[in-house]
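Source file coords_26.cif; content: mmCIF, N, CA and C atoms.
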```cif
data_my_file
#
loop_
_atom_site.label_atom_id
_atom_site.label_comp_id
_atom_site.auth_asym_id
_atom_site.auth_seq_id
_atom_site.Cartn_x
_atom_site.Cartn_y
_atom_site.Cartn_z
N GLN A 1 88.99 162.67 161.97
CA GLN A 1 89.13 161.37 161.32
C GLN A 1 90.03 160.48 162.18
N VAL A 2 89.43 159.43 162.74
CA VAL A 2 90.20 158.50 163.58
C VAL A 2 90.97 157.54 162.70
N GLN A 3 92.22 157.34 163.02
CA GLN A 3 93.04 156.37 162.32
C GLN A 3 93.70 155.44 163.33
N LEU A 4 93.77 154.16 162.98
CA LEU A 4 94.43 153.15 163.80
C LEU A 4 95.57 152.56 162.97
N VAL A 5 96.76 152.61 163.52
CA VAL A 5 97.93 152.06 162.83
C VAL A 5 98.44 150.87 163.62
N GLU A 6 98.39 149.70 162.96
CA GLU A 6 98.80 148.45 163.59
C GLU A 6 100.19 148.05 163.10
N SER A 7 100.91 147.34 163.94
CA SER A 7 102.20 146.81 163.55
C SER A 7 102.54 145.60 164.40
N GLY A 8 103.54 144.84 163.93
CA GLY A 8 104.06 143.74 164.74
C GLY A 8 103.72 142.35 164.25
N GLY A 9 102.87 142.23 163.26
CA GLY A 9 102.55 140.90 162.76
C GLY A 9 103.72 140.29 162.01
N GLY A 10 103.58 139.02 161.66
CA GLY A 10 104.63 138.36 160.90
C GLY A 10 104.52 136.87 160.97
N LEU A 11 105.58 136.21 160.54
CA LEU A 11 105.67 134.75 160.52
C LEU A 11 106.54 134.30 161.69
N VAL A 12 106.03 133.34 162.45
CA VAL A 12 106.78 132.86 163.61
C VAL A 12 106.56 131.35 163.73
N GLN A 13 107.54 130.68 164.27
CA GLN A 13 107.42 129.23 164.47
C GLN A 13 106.54 128.94 165.70
N PRO A 14 105.94 127.76 165.73
CA PRO A 14 105.18 127.37 166.92
C PRO A 14 106.04 127.47 168.18
N GLY A 15 105.44 128.02 169.23
CA GLY A 15 106.17 128.24 170.46
C GLY A 15 106.82 129.60 170.55
N GLY A 16 106.83 130.32 169.45
CA GLY A 16 107.46 131.63 169.41
C GLY A 16 106.58 132.74 169.96
N SER A 17 107.08 133.97 169.85
CA SER A 17 106.39 135.14 170.38
C SER A 17 106.33 136.26 169.36
N LEU A 18 105.30 137.06 169.48
CA LEU A 18 105.16 138.29 168.70
C LEU A 18 104.50 139.33 169.60
N ARG A 19 104.76 140.59 169.28
CA ARG A 19 104.11 141.69 170.00
C ARG A 19 103.45 142.61 168.99
N LEU A 20 102.14 142.74 169.11
CA LEU A 20 101.38 143.63 168.24
C LEU A 20 101.20 144.98 168.93
N SER A 21 101.18 146.03 168.12
CA SER A 21 100.92 147.38 168.63
C SER A 21 99.87 148.05 167.76
N CYS A 22 99.09 148.92 168.37
CA CYS A 22 98.09 149.69 167.64
C CYS A 22 97.99 151.07 168.27
N THR A 23 98.19 152.10 167.45
CA THR A 23 98.13 153.48 167.94
C THR A 23 96.99 154.22 167.26
N ALA A 24 96.20 154.88 168.07
CA ALA A 24 95.06 155.65 167.56
C ALA A 24 95.41 157.13 167.48
N SER A 25 94.85 157.77 166.47
CA SER A 25 95.03 159.21 166.33
C SER A 25 93.76 159.83 165.77
N GLY A 26 93.59 161.11 166.01
CA GLY A 26 92.50 161.84 165.40
C GLY A 26 91.23 161.93 166.22
N GLY A 27 91.13 161.22 167.32
CA GLY A 27 89.91 161.26 168.11
C GLY A 27 89.86 162.46 169.04
N ILE A 28 88.65 162.89 169.37
CA ILE A 28 88.46 164.02 170.27
C ILE A 28 88.23 163.52 171.69
N TRP A 29 87.42 162.48 171.81
CA TRP A 29 87.11 161.92 173.11
C TRP A 29 88.25 161.01 173.59
N ASP A 30 88.28 160.75 174.88
CA ASP A 30 89.19 159.75 175.40
C ASP A 30 88.71 158.36 174.98
N ILE A 31 89.65 157.42 174.96
CA ILE A 31 89.33 156.06 174.55
C ILE A 31 88.88 155.24 175.75
N TYR A 32 87.75 154.58 175.62
CA TYR A 32 87.24 153.74 176.71
C TYR A 32 87.87 152.35 176.65
N THR A 33 87.62 151.63 175.59
CA THR A 33 88.12 150.27 175.46
C THR A 33 89.02 150.13 174.24
N MET A 34 90.10 149.40 174.40
CA MET A 34 90.97 149.04 173.29
C MET A 34 91.08 147.52 173.28
N GLY A 35 91.19 146.96 172.10
CA GLY A 35 91.25 145.51 172.06
C GLY A 35 91.73 144.95 170.75
N TRP A 36 91.83 143.64 170.74
CA TRP A 36 92.26 142.90 169.56
C TRP A 36 91.25 141.80 169.25
N PHE A 37 90.94 141.67 167.99
CA PHE A 37 90.11 140.60 167.47
C PHE A 37 90.91 139.92 166.36
N ARG A 38 90.48 138.74 166.00
CA ARG A 38 91.16 138.04 164.90
C ARG A 38 90.17 137.28 164.04
N GLN A 39 90.59 137.07 162.80
CA GLN A 39 89.74 136.33 161.86
C GLN A 39 90.62 135.42 161.03
N ALA A 40 90.37 134.14 161.16
CA ALA A 40 91.08 133.15 160.37
C ALA A 40 90.28 132.88 159.09
N PRO A 41 90.92 132.37 158.06
CA PRO A 41 90.20 132.10 156.79
C PRO A 41 89.02 131.18 157.02
N GLY A 42 87.87 131.58 156.51
CA GLY A 42 86.68 130.75 156.61
C GLY A 42 85.98 130.81 157.96
N LYS A 43 86.48 131.65 158.86
CA LYS A 43 85.89 131.74 160.20
C LYS A 43 85.43 133.16 160.48
N GLN A 44 84.56 133.27 161.49
CA GLN A 44 84.09 134.59 161.89
C GLN A 44 85.14 135.31 162.73
N ARG A 45 85.06 136.62 162.72
CA ARG A 45 85.95 137.42 163.57
C ARG A 45 85.62 137.13 165.04
N GLU A 46 86.66 136.95 165.84
CA GLU A 46 86.45 136.63 167.24
C GLU A 46 87.29 137.53 168.14
N LEU A 47 86.80 137.70 169.36
CA LEU A 47 87.53 138.50 170.33
C LEU A 47 88.77 137.76 170.80
N VAL A 48 89.86 138.50 170.93
CA VAL A 48 91.08 137.95 171.50
C VAL A 48 91.26 138.50 172.92
N ALA A 49 91.27 139.82 173.02
CA ALA A 49 91.44 140.45 174.34
C ALA A 49 91.02 141.91 174.25
N THR A 50 90.51 142.42 175.36
CA THR A 50 90.19 143.84 175.45
C THR A 50 90.69 144.38 176.79
N ILE A 51 90.85 145.70 176.84
CA ILE A 51 91.29 146.35 178.07
C ILE A 51 90.63 147.71 178.17
N THR A 52 90.11 148.02 179.35
CA THR A 52 89.48 149.32 179.55
C THR A 52 90.52 150.37 179.94
N ARG A 53 90.07 151.60 180.01
CA ARG A 53 90.98 152.70 180.30
C ARG A 53 91.65 152.52 181.67
N ASN A 54 90.91 151.96 182.61
CA ASN A 54 91.49 151.78 183.95
C ASN A 54 92.19 150.44 184.13
N GLY A 55 92.35 149.70 183.03
CA GLY A 55 93.19 148.50 183.06
C GLY A 55 92.49 147.18 183.24
N ASN A 56 91.18 147.17 183.27
CA ASN A 56 90.47 145.89 183.38
C ASN A 56 90.55 145.16 182.04
N SER A 57 91.00 143.92 182.07
CA SER A 57 91.21 143.17 180.84
C SER A 57 90.30 141.95 180.76
N ASN A 58 90.12 141.49 179.54
CA ASN A 58 89.27 140.34 179.27
C ASN A 58 89.92 139.55 178.14
N TYR A 59 89.95 138.21 178.28
CA TYR A 59 90.62 137.38 177.29
C TYR A 59 89.71 136.25 176.81
N ALA A 60 89.91 135.86 175.58
CA ALA A 60 89.29 134.63 175.10
C ALA A 60 89.95 133.47 175.83
N ASP A 61 89.16 132.43 176.09
CA ASP A 61 89.70 131.27 176.80
C ASP A 61 90.89 130.66 176.08
N SER A 62 90.87 130.72 174.76
CA SER A 62 91.91 130.07 173.96
C SER A 62 93.28 130.73 174.10
N VAL A 63 93.31 131.97 174.62
CA VAL A 63 94.60 132.67 174.71
C VAL A 63 95.01 132.97 176.15
N LYS A 64 94.15 132.65 177.09
CA LYS A 64 94.46 132.93 178.50
C LYS A 64 95.75 132.22 178.91
N GLY A 65 96.61 132.96 179.58
CA GLY A 65 97.88 132.40 180.03
C GLY A 65 98.99 132.49 179.00
N ARG A 66 98.64 132.83 177.77
CA ARG A 66 99.65 132.95 176.70
C ARG A 66 99.77 134.37 176.17
N PHE A 67 98.65 135.09 176.11
CA PHE A 67 98.64 136.46 175.58
C PHE A 67 98.42 137.44 176.73
N THR A 68 99.03 138.61 176.58
CA THR A 68 98.84 139.69 177.55
C THR A 68 98.56 140.99 176.82
N ILE A 69 97.46 141.62 177.20
CA ILE A 69 97.11 142.91 176.61
C ILE A 69 97.47 144.01 177.59
N SER A 70 97.95 145.12 177.04
CA SER A 70 98.28 146.29 177.86
C SER A 70 98.05 147.55 177.03
N ARG A 71 98.04 148.68 177.69
CA ARG A 71 97.82 149.93 176.96
C ARG A 71 98.56 151.08 177.63
N ASP A 72 98.87 152.07 176.82
CA ASP A 72 99.48 153.31 177.28
C ASP A 72 98.51 154.41 176.91
N ASN A 73 97.78 154.92 177.89
CA ASN A 73 96.75 155.91 177.61
C ASN A 73 97.32 157.20 177.04
N ALA A 74 98.49 157.60 177.52
CA ALA A 74 99.10 158.84 177.02
C ALA A 74 99.46 158.71 175.54
N LYS A 75 99.86 157.53 175.13
CA LYS A 75 100.25 157.30 173.73
C LYS A 75 99.10 156.78 172.88
N LYS A 76 97.94 156.56 173.51
CA LYS A 76 96.78 156.01 172.81
C LYS A 76 97.16 154.73 172.06
N THR A 77 97.89 153.89 172.73
CA THR A 77 98.43 152.69 172.13
C THR A 77 98.06 151.46 172.95
N VAL A 78 97.70 150.40 172.24
CA VAL A 78 97.41 149.12 172.87
C VAL A 78 98.39 148.09 172.33
N TYR A 79 98.81 147.19 173.20
CA TYR A 79 99.77 146.16 172.85
C TYR A 79 99.16 144.79 173.10
N LEU A 80 99.63 143.82 172.34
CA LEU A 80 99.26 142.43 172.58
C LEU A 80 100.54 141.60 172.53
N GLN A 81 100.98 141.16 173.68
CA GLN A 81 102.13 140.27 173.74
C GLN A 81 101.63 138.84 173.61
N MET A 82 102.10 138.15 172.58
CA MET A 82 101.65 136.81 172.30
C MET A 82 102.82 135.84 172.47
N ASN A 83 102.69 134.96 173.43
CA ASN A 83 103.72 133.95 173.69
C ASN A 83 103.17 132.55 173.43
N SER A 84 104.06 131.61 173.32
CA SER A 84 103.67 130.20 173.10
C SER A 84 102.67 130.09 171.96
N LEU A 85 102.99 130.72 170.87
CA LEU A 85 102.06 130.75 169.74
C LEU A 85 101.86 129.36 169.14
N LYS A 86 100.63 129.13 168.68
CA LYS A 86 100.24 127.86 168.10
C LYS A 86 99.77 128.10 166.66
N PRO A 87 99.82 127.07 165.84
CA PRO A 87 99.33 127.24 164.46
C PRO A 87 97.89 127.75 164.41
N GLU A 88 97.08 127.37 165.37
CA GLU A 88 95.69 127.83 165.38
C GLU A 88 95.54 129.31 165.74
N ASP A 89 96.63 129.95 166.11
CA ASP A 89 96.60 131.41 166.33
C ASP A 89 96.76 132.17 165.02
N THR A 90 97.04 131.46 163.94
CA THR A 90 97.19 132.10 162.63
C THR A 90 95.89 132.79 162.23
N ALA A 91 95.98 134.08 161.94
CA ALA A 91 94.80 134.86 161.59
C ALA A 91 95.21 136.28 161.25
N LEU A 92 94.26 137.03 160.76
CA LEU A 92 94.42 138.46 160.59
C LEU A 92 93.93 139.11 161.88
N TYR A 93 94.80 139.85 162.53
CA TYR A 93 94.49 140.46 163.82
C TYR A 93 94.10 141.92 163.63
N TYR A 94 92.95 142.27 164.18
CA TYR A 94 92.41 143.61 164.04
C TYR A 94 92.41 144.34 165.38
N CYS A 95 92.84 145.56 165.35
CA CYS A 95 92.74 146.45 166.51
C CYS A 95 91.36 147.09 166.52
N ASN A 96 90.80 147.26 167.70
CA ASN A 96 89.51 147.91 167.86
C ASN A 96 89.57 148.89 169.02
N VAL A 97 89.03 150.08 168.82
CA VAL A 97 88.95 151.04 169.91
C VAL A 97 87.52 151.58 169.99
N VAL A 98 87.08 151.84 171.20
CA VAL A 98 85.77 152.44 171.45
C VAL A 98 85.98 153.68 172.30
N TYR A 99 85.50 154.81 171.79
CA TYR A 99 85.64 156.07 172.52
C TYR A 99 84.49 156.26 173.50
N TYR A 100 84.64 157.23 174.37
CA TYR A 100 83.61 157.50 175.36
C TYR A 100 82.33 158.06 174.74
N ASP A 101 82.36 158.45 173.49
CA ASP A 101 81.13 158.83 172.80
C ASP A 101 80.45 157.63 172.15
N SER A 102 80.96 156.42 172.49
CA SER A 102 80.42 155.13 172.04
C SER A 102 80.73 154.78 170.59
N ARG A 103 81.51 155.58 169.93
CA ARG A 103 81.90 155.25 168.55
C ARG A 103 83.08 154.29 168.56
N GLY A 104 82.98 153.28 167.70
CA GLY A 104 84.04 152.28 167.60
C GLY A 104 84.71 152.31 166.24
N TYR A 105 85.97 151.91 166.23
CA TYR A 105 86.75 151.93 164.99
C TYR A 105 87.62 150.68 164.90
N TRP A 106 87.88 150.29 163.66
CA TRP A 106 88.71 149.12 163.39
C TRP A 106 89.96 149.50 162.64
N GLY A 107 91.05 148.79 162.94
CA GLY A 107 92.24 148.91 162.13
C GLY A 107 92.11 148.06 160.88
N GLN A 108 93.12 148.12 160.03
CA GLN A 108 93.06 147.38 158.76
C GLN A 108 93.51 145.94 158.92
N GLY A 109 94.12 145.62 160.04
CA GLY A 109 94.53 144.25 160.29
C GLY A 109 96.01 144.02 160.03
N THR A 110 96.57 143.14 160.84
CA THR A 110 97.96 142.72 160.65
C THR A 110 98.01 141.20 160.70
N GLN A 111 98.70 140.60 159.75
CA GLN A 111 98.69 139.14 159.62
C GLN A 111 99.67 138.50 160.60
N VAL A 112 99.18 137.49 161.30
CA VAL A 112 100.02 136.65 162.15
C VAL A 112 99.94 135.23 161.61
N THR A 113 101.09 134.68 161.28
CA THR A 113 101.16 133.31 160.77
C THR A 113 102.11 132.50 161.64
N VAL A 114 101.59 131.40 162.16
CA VAL A 114 102.38 130.52 163.02
C VAL A 114 102.58 129.20 162.28
N SER A 115 103.80 128.97 161.86
CA SER A 115 104.07 127.80 161.03
C SER A 115 105.55 127.43 161.12
N SER A 116 105.80 126.14 161.02
CA SER A 116 107.19 125.68 160.99
C SER A 116 107.68 125.52 159.55
#
```

Encoded form (structure tokens):
Amino acid sequence: QVQLVESGGGLVQPGGSLRLSCTASGGIWDIYTMGWFRQAPGKQRELVATITRNGNSNYADSVKGRFTISRDNAKKTVYLQMNSLKPEDTALYYCNVVYYDSRGYWGQGTQVTVSS
């Protein structure tokens, strides 16, 4: 039974920073891709950033230059450092992992609110 535990969300003022973490447990295969998606009220879930096992990363245009994704393969953990946060970054952020057996899993989400 794969479980994803997310942490790090919260309330922050515009221009502030937050760091999200997500740790996976219970999988048998190694993890291929880890990433973050987000969903704002009334909008579809969208990709924020992903990173492969060997460190290749991909970002949504809206977060390039502000967010940095990283991972620790030994800890099965992915991080999202979010700087220069804007009100439009407010959303429920979901962790996603895809194992080498092609199975994907979602976390329960952590709320990020950017407001003064």

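With only N, CA and C atoms as the atoms that count, the minimum distance from Met82 (chain A) to the choices A:Asn96, A:Gln111, A:Ser17, A:Gln39 is reached by A:Ser17.
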
Selection result of the PyMOL selection byres ((chain A and resi 94) around 8) on this file, as a PDB file with N, CA and C atoms, in the coordinates of the input:
```
ATOM      1  N   GLU A   6      98.390 149.700 162.960  1.00  0.00           N
ATOM      2  CA  GLU A   6      98.800 148.450 163.590  1.00  0.00           C
ATOM      3  C   GLU A   6     100.190 148.050 163.100  1.00  0.00           C
ATOM      4  N   GLY A  35      91.190 146.960 172.100  1.00  0.00           N
ATOM      5  CA  GLY A  35      91.250 145.510 172.060  1.00  0.00           C
ATOM      6  C   GLY A  35      91.730 144.950 170.750  1.00  0.00           C
ATOM      7  N   TRP A  36      91.830 143.640 170.740  1.00  0.00           N
ATOM      8  CA  TRP A  36      92.260 142.900 169.560  1.00  0.00           C
ATOM      9  C   TRP A  36      91.250 141.800 169.250  1.00  0.00           C
ATOM     10  N   PHE A  37      90.940 141.670 167.990  1.00  0.00           N
ATOM     11  CA  PHE A  37      90.110 140.600 167.470  1.00  0.00           C
ATOM     12  C   PHE A  37      90.910 139.920 166.360  1.00  0.00           C
ATOM     13  N   ARG A  38      90.480 138.740 166.000  1.00  0.00           N
ATOM     14  CA  ARG A  38      91.160 138.040 164.900  1.00  0.00           C
ATOM     15  C   ARG A  38      90.170 137.280 164.040  1.00  0.00           C
ATOM     16  N   GLN A  39      90.590 137.070 162.800  1.00  0.00           N
ATOM     17  CA  GLN A  39      89.740 136.330 161.860  1.00  0.00           C
ATOM     18  C   GLN A  39      90.620 135.420 161.030  1.00  0.00           C
ATOM     19  N   ALA A  91      95.980 134.080 161.940  1.00  0.00           N
ATOM     20  CA  ALA A  91      94.800 134.860 161.590  1.00  0.00           C
ATOM     21  C   ALA A  91      95.210 136.280 161.250  1.00  0.00           C
ATOM     22  N   LEU A  92      94.260 137.030 160.760  1.00  0.00           N
ATOM     23  CA  LEU A  92      94.420 138.460 160.590  1.00  0.00           C
ATOM     24  C   LEU A  92      93.930 139.110 161.880  1.00  0.00           C
ATOM     25  N   TYR A  93      94.800 139.850 162.530  1.00  0.00           N
ATOM     26  CA  TYR A  93      94.490 140.460 163.820  1.00  0.00           C
ATOM     27  C   TYR A  93      94.100 141.920 163.630  1.00  0.00           C
ATOM     28  N   CYS A  95      92.840 145.560 165.350  1.00  0.00           N
ATOM     29  CA  CYS A  95      92.740 146.450 166.510  1.00  0.00           C
ATOM     30  C   CYS A  95      91.360 147.090 166.520  1.00  0.00           C
ATOM     31  N   ASN A  96      90.800 147.260 167.700  1.00  0.00           N
ATOM     32  CA  ASN A  96      89.510 147.910 167.860  1.00  0.00           C
ATOM     33  C   ASN A  96      89.570 148.890 169.020  1.00  0.00           C
ATOM     34  N   VAL A  97      89.030 150.080 168.820  1.00  0.00           N
ATOM     35  CA  VAL A  97      88.950 151.040 169.910  1.00  0.00           C
ATOM     36  C   VAL A  97      87.520 151.580 169.990  1.00  0.00           C
ATOM     37  N   TYR A 105      85.970 151.910 166.230  1.00  0.00           N
ATOM     38  CA  TYR A 105      86.750 151.930 164.990  1.00  0.00           C
ATOM     39  C   TYR A 105      87.620 150.680 164.900  1.00  0.00           C
ATOM     40  N   TRP A 106      87.880 150.290 163.660  1.00  0.00           N
ATOM     41  CA  TRP A 106      88.710 149.120 163.390  1.00  0.00           C
ATOM     42  C   TRP A 106      89.960 149.500 162.640  1.00  0.00           C
ATOM     43  N   GLY A 107      91.050 148.790 162.940  1.00  0.00           N
ATOM     44  CA  GLY A 107      92.240 148.910 162.130  1.00  0.00           C
ATOM     45  C   GLY A 107      92.110 148.060 160.880  1.00  0.00           C
ATOM     46  N   GLN A 108      93.120 148.120 160.030  1.00  0.00           N
ATOM     47  CA  GLN A 108      93.060 147.380 158.760  1.00  0.00           C
ATOM     48  C   GLN A 108      93.510 145.940 158.920  1.00  0.00           C
ATOM     49  N   GLY A 109      94.120 145.620 160.040  1.00  0.00           N
ATOM     50  CA  GLY A 109      94.530 144.250 160.290  1.00  0.00           C
ATOM     51  C   GLY A 109      96.010 144.020 160.030  1.00  0.00           C
ATOM     52  N   THR A 110      96.570 143.140 160.840  1.00  0.00           N
ATOM     53  CA  THR A 110      97.960 142.720 160.650  1.00  0.00           C
ATOM     54  C   THR A 110      98.010 141.200 160.700  1.00  0.00           C
ATOM     55  N   GLN A 111      98.700 140.600 159.750  1.00  0.00           N
ATOM     56  CA  GLN A 111      98.690 139.140 159.620  1.00  0.00           C
ATOM     57  C   GLN A 111      99.670 138.500 160.600  1.00  0.00           C
TER      58      GLN A 111
END
```

Problem set entry | Residues selected by the PyMOL selection byres (((chain A and resi 78 and name CA) around 10) and name CA), written as number ranges by chain | A: 6, 20-24, 33-36, 50-51, 69-73, 75-77, 79-80, 95-97

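Counting from atom N of Phe67 (chain A), the distance to CA of Lys43 (chain A) is 20.7 Å.
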
For this session: Given the file shown, determine the residues that the PyMOL selection byres ((chain A and resi 28) around 8) selects; report them as an NGL selection string.
Result: :A and (1-2 or 25-27 or 29-31 or 99-101)

For this session: From a DSSP pass on the backbone, collect the residues of chain A flagged as strand (DSSP E or B) and hand them back as a PyMOL selection string.
Result: chain A and resi 3-7+10-12+18-25+31-39+46-52+57-59+67-72+77-82+91-99+104-106+110-114

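Here CA of Lys86 (chain A) stands at a distance of 23.2 Å from atom N of Ser57 (chain A).
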
Exercise. How far is it from atom N of Ala74 (chain A) to atom N of Asn56 (chain A), in Å with one decimal?
Worked result: 14.0 Å

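Of the listed residues (A:Ser115, A:Val98, A:Asn54, A:Ala49), A:Ala49 comes nearest to Arg66 (chain A); the distances count only C-alpha atoms.
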
Taking all listed atoms of region 73-83 of chain A, build the axis-aligned box, pad each of the six sides by 5 Å, then write its centre and edge lengths in Å to one decimal as JSON.
```
{"center_x": 100.2, "center_y": 145.7, "center_z": 175.0, "size_x": 17.0, "size_y": 36.3, "size_z": 15.8}
```

Problem set entry | Selection as a ChimeraX atom specification: residues within 6 Å of (102.4, 126.5, 172.4), counting all atoms listed in the file | /A:14-15,84-86

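Distances from A:Gly55, A:Thr68, A:Gln13, A:Ser62 to Gln81 (chain A) were compared using only N, CA and C atoms, and the smallest one belongs to A:Thr68.
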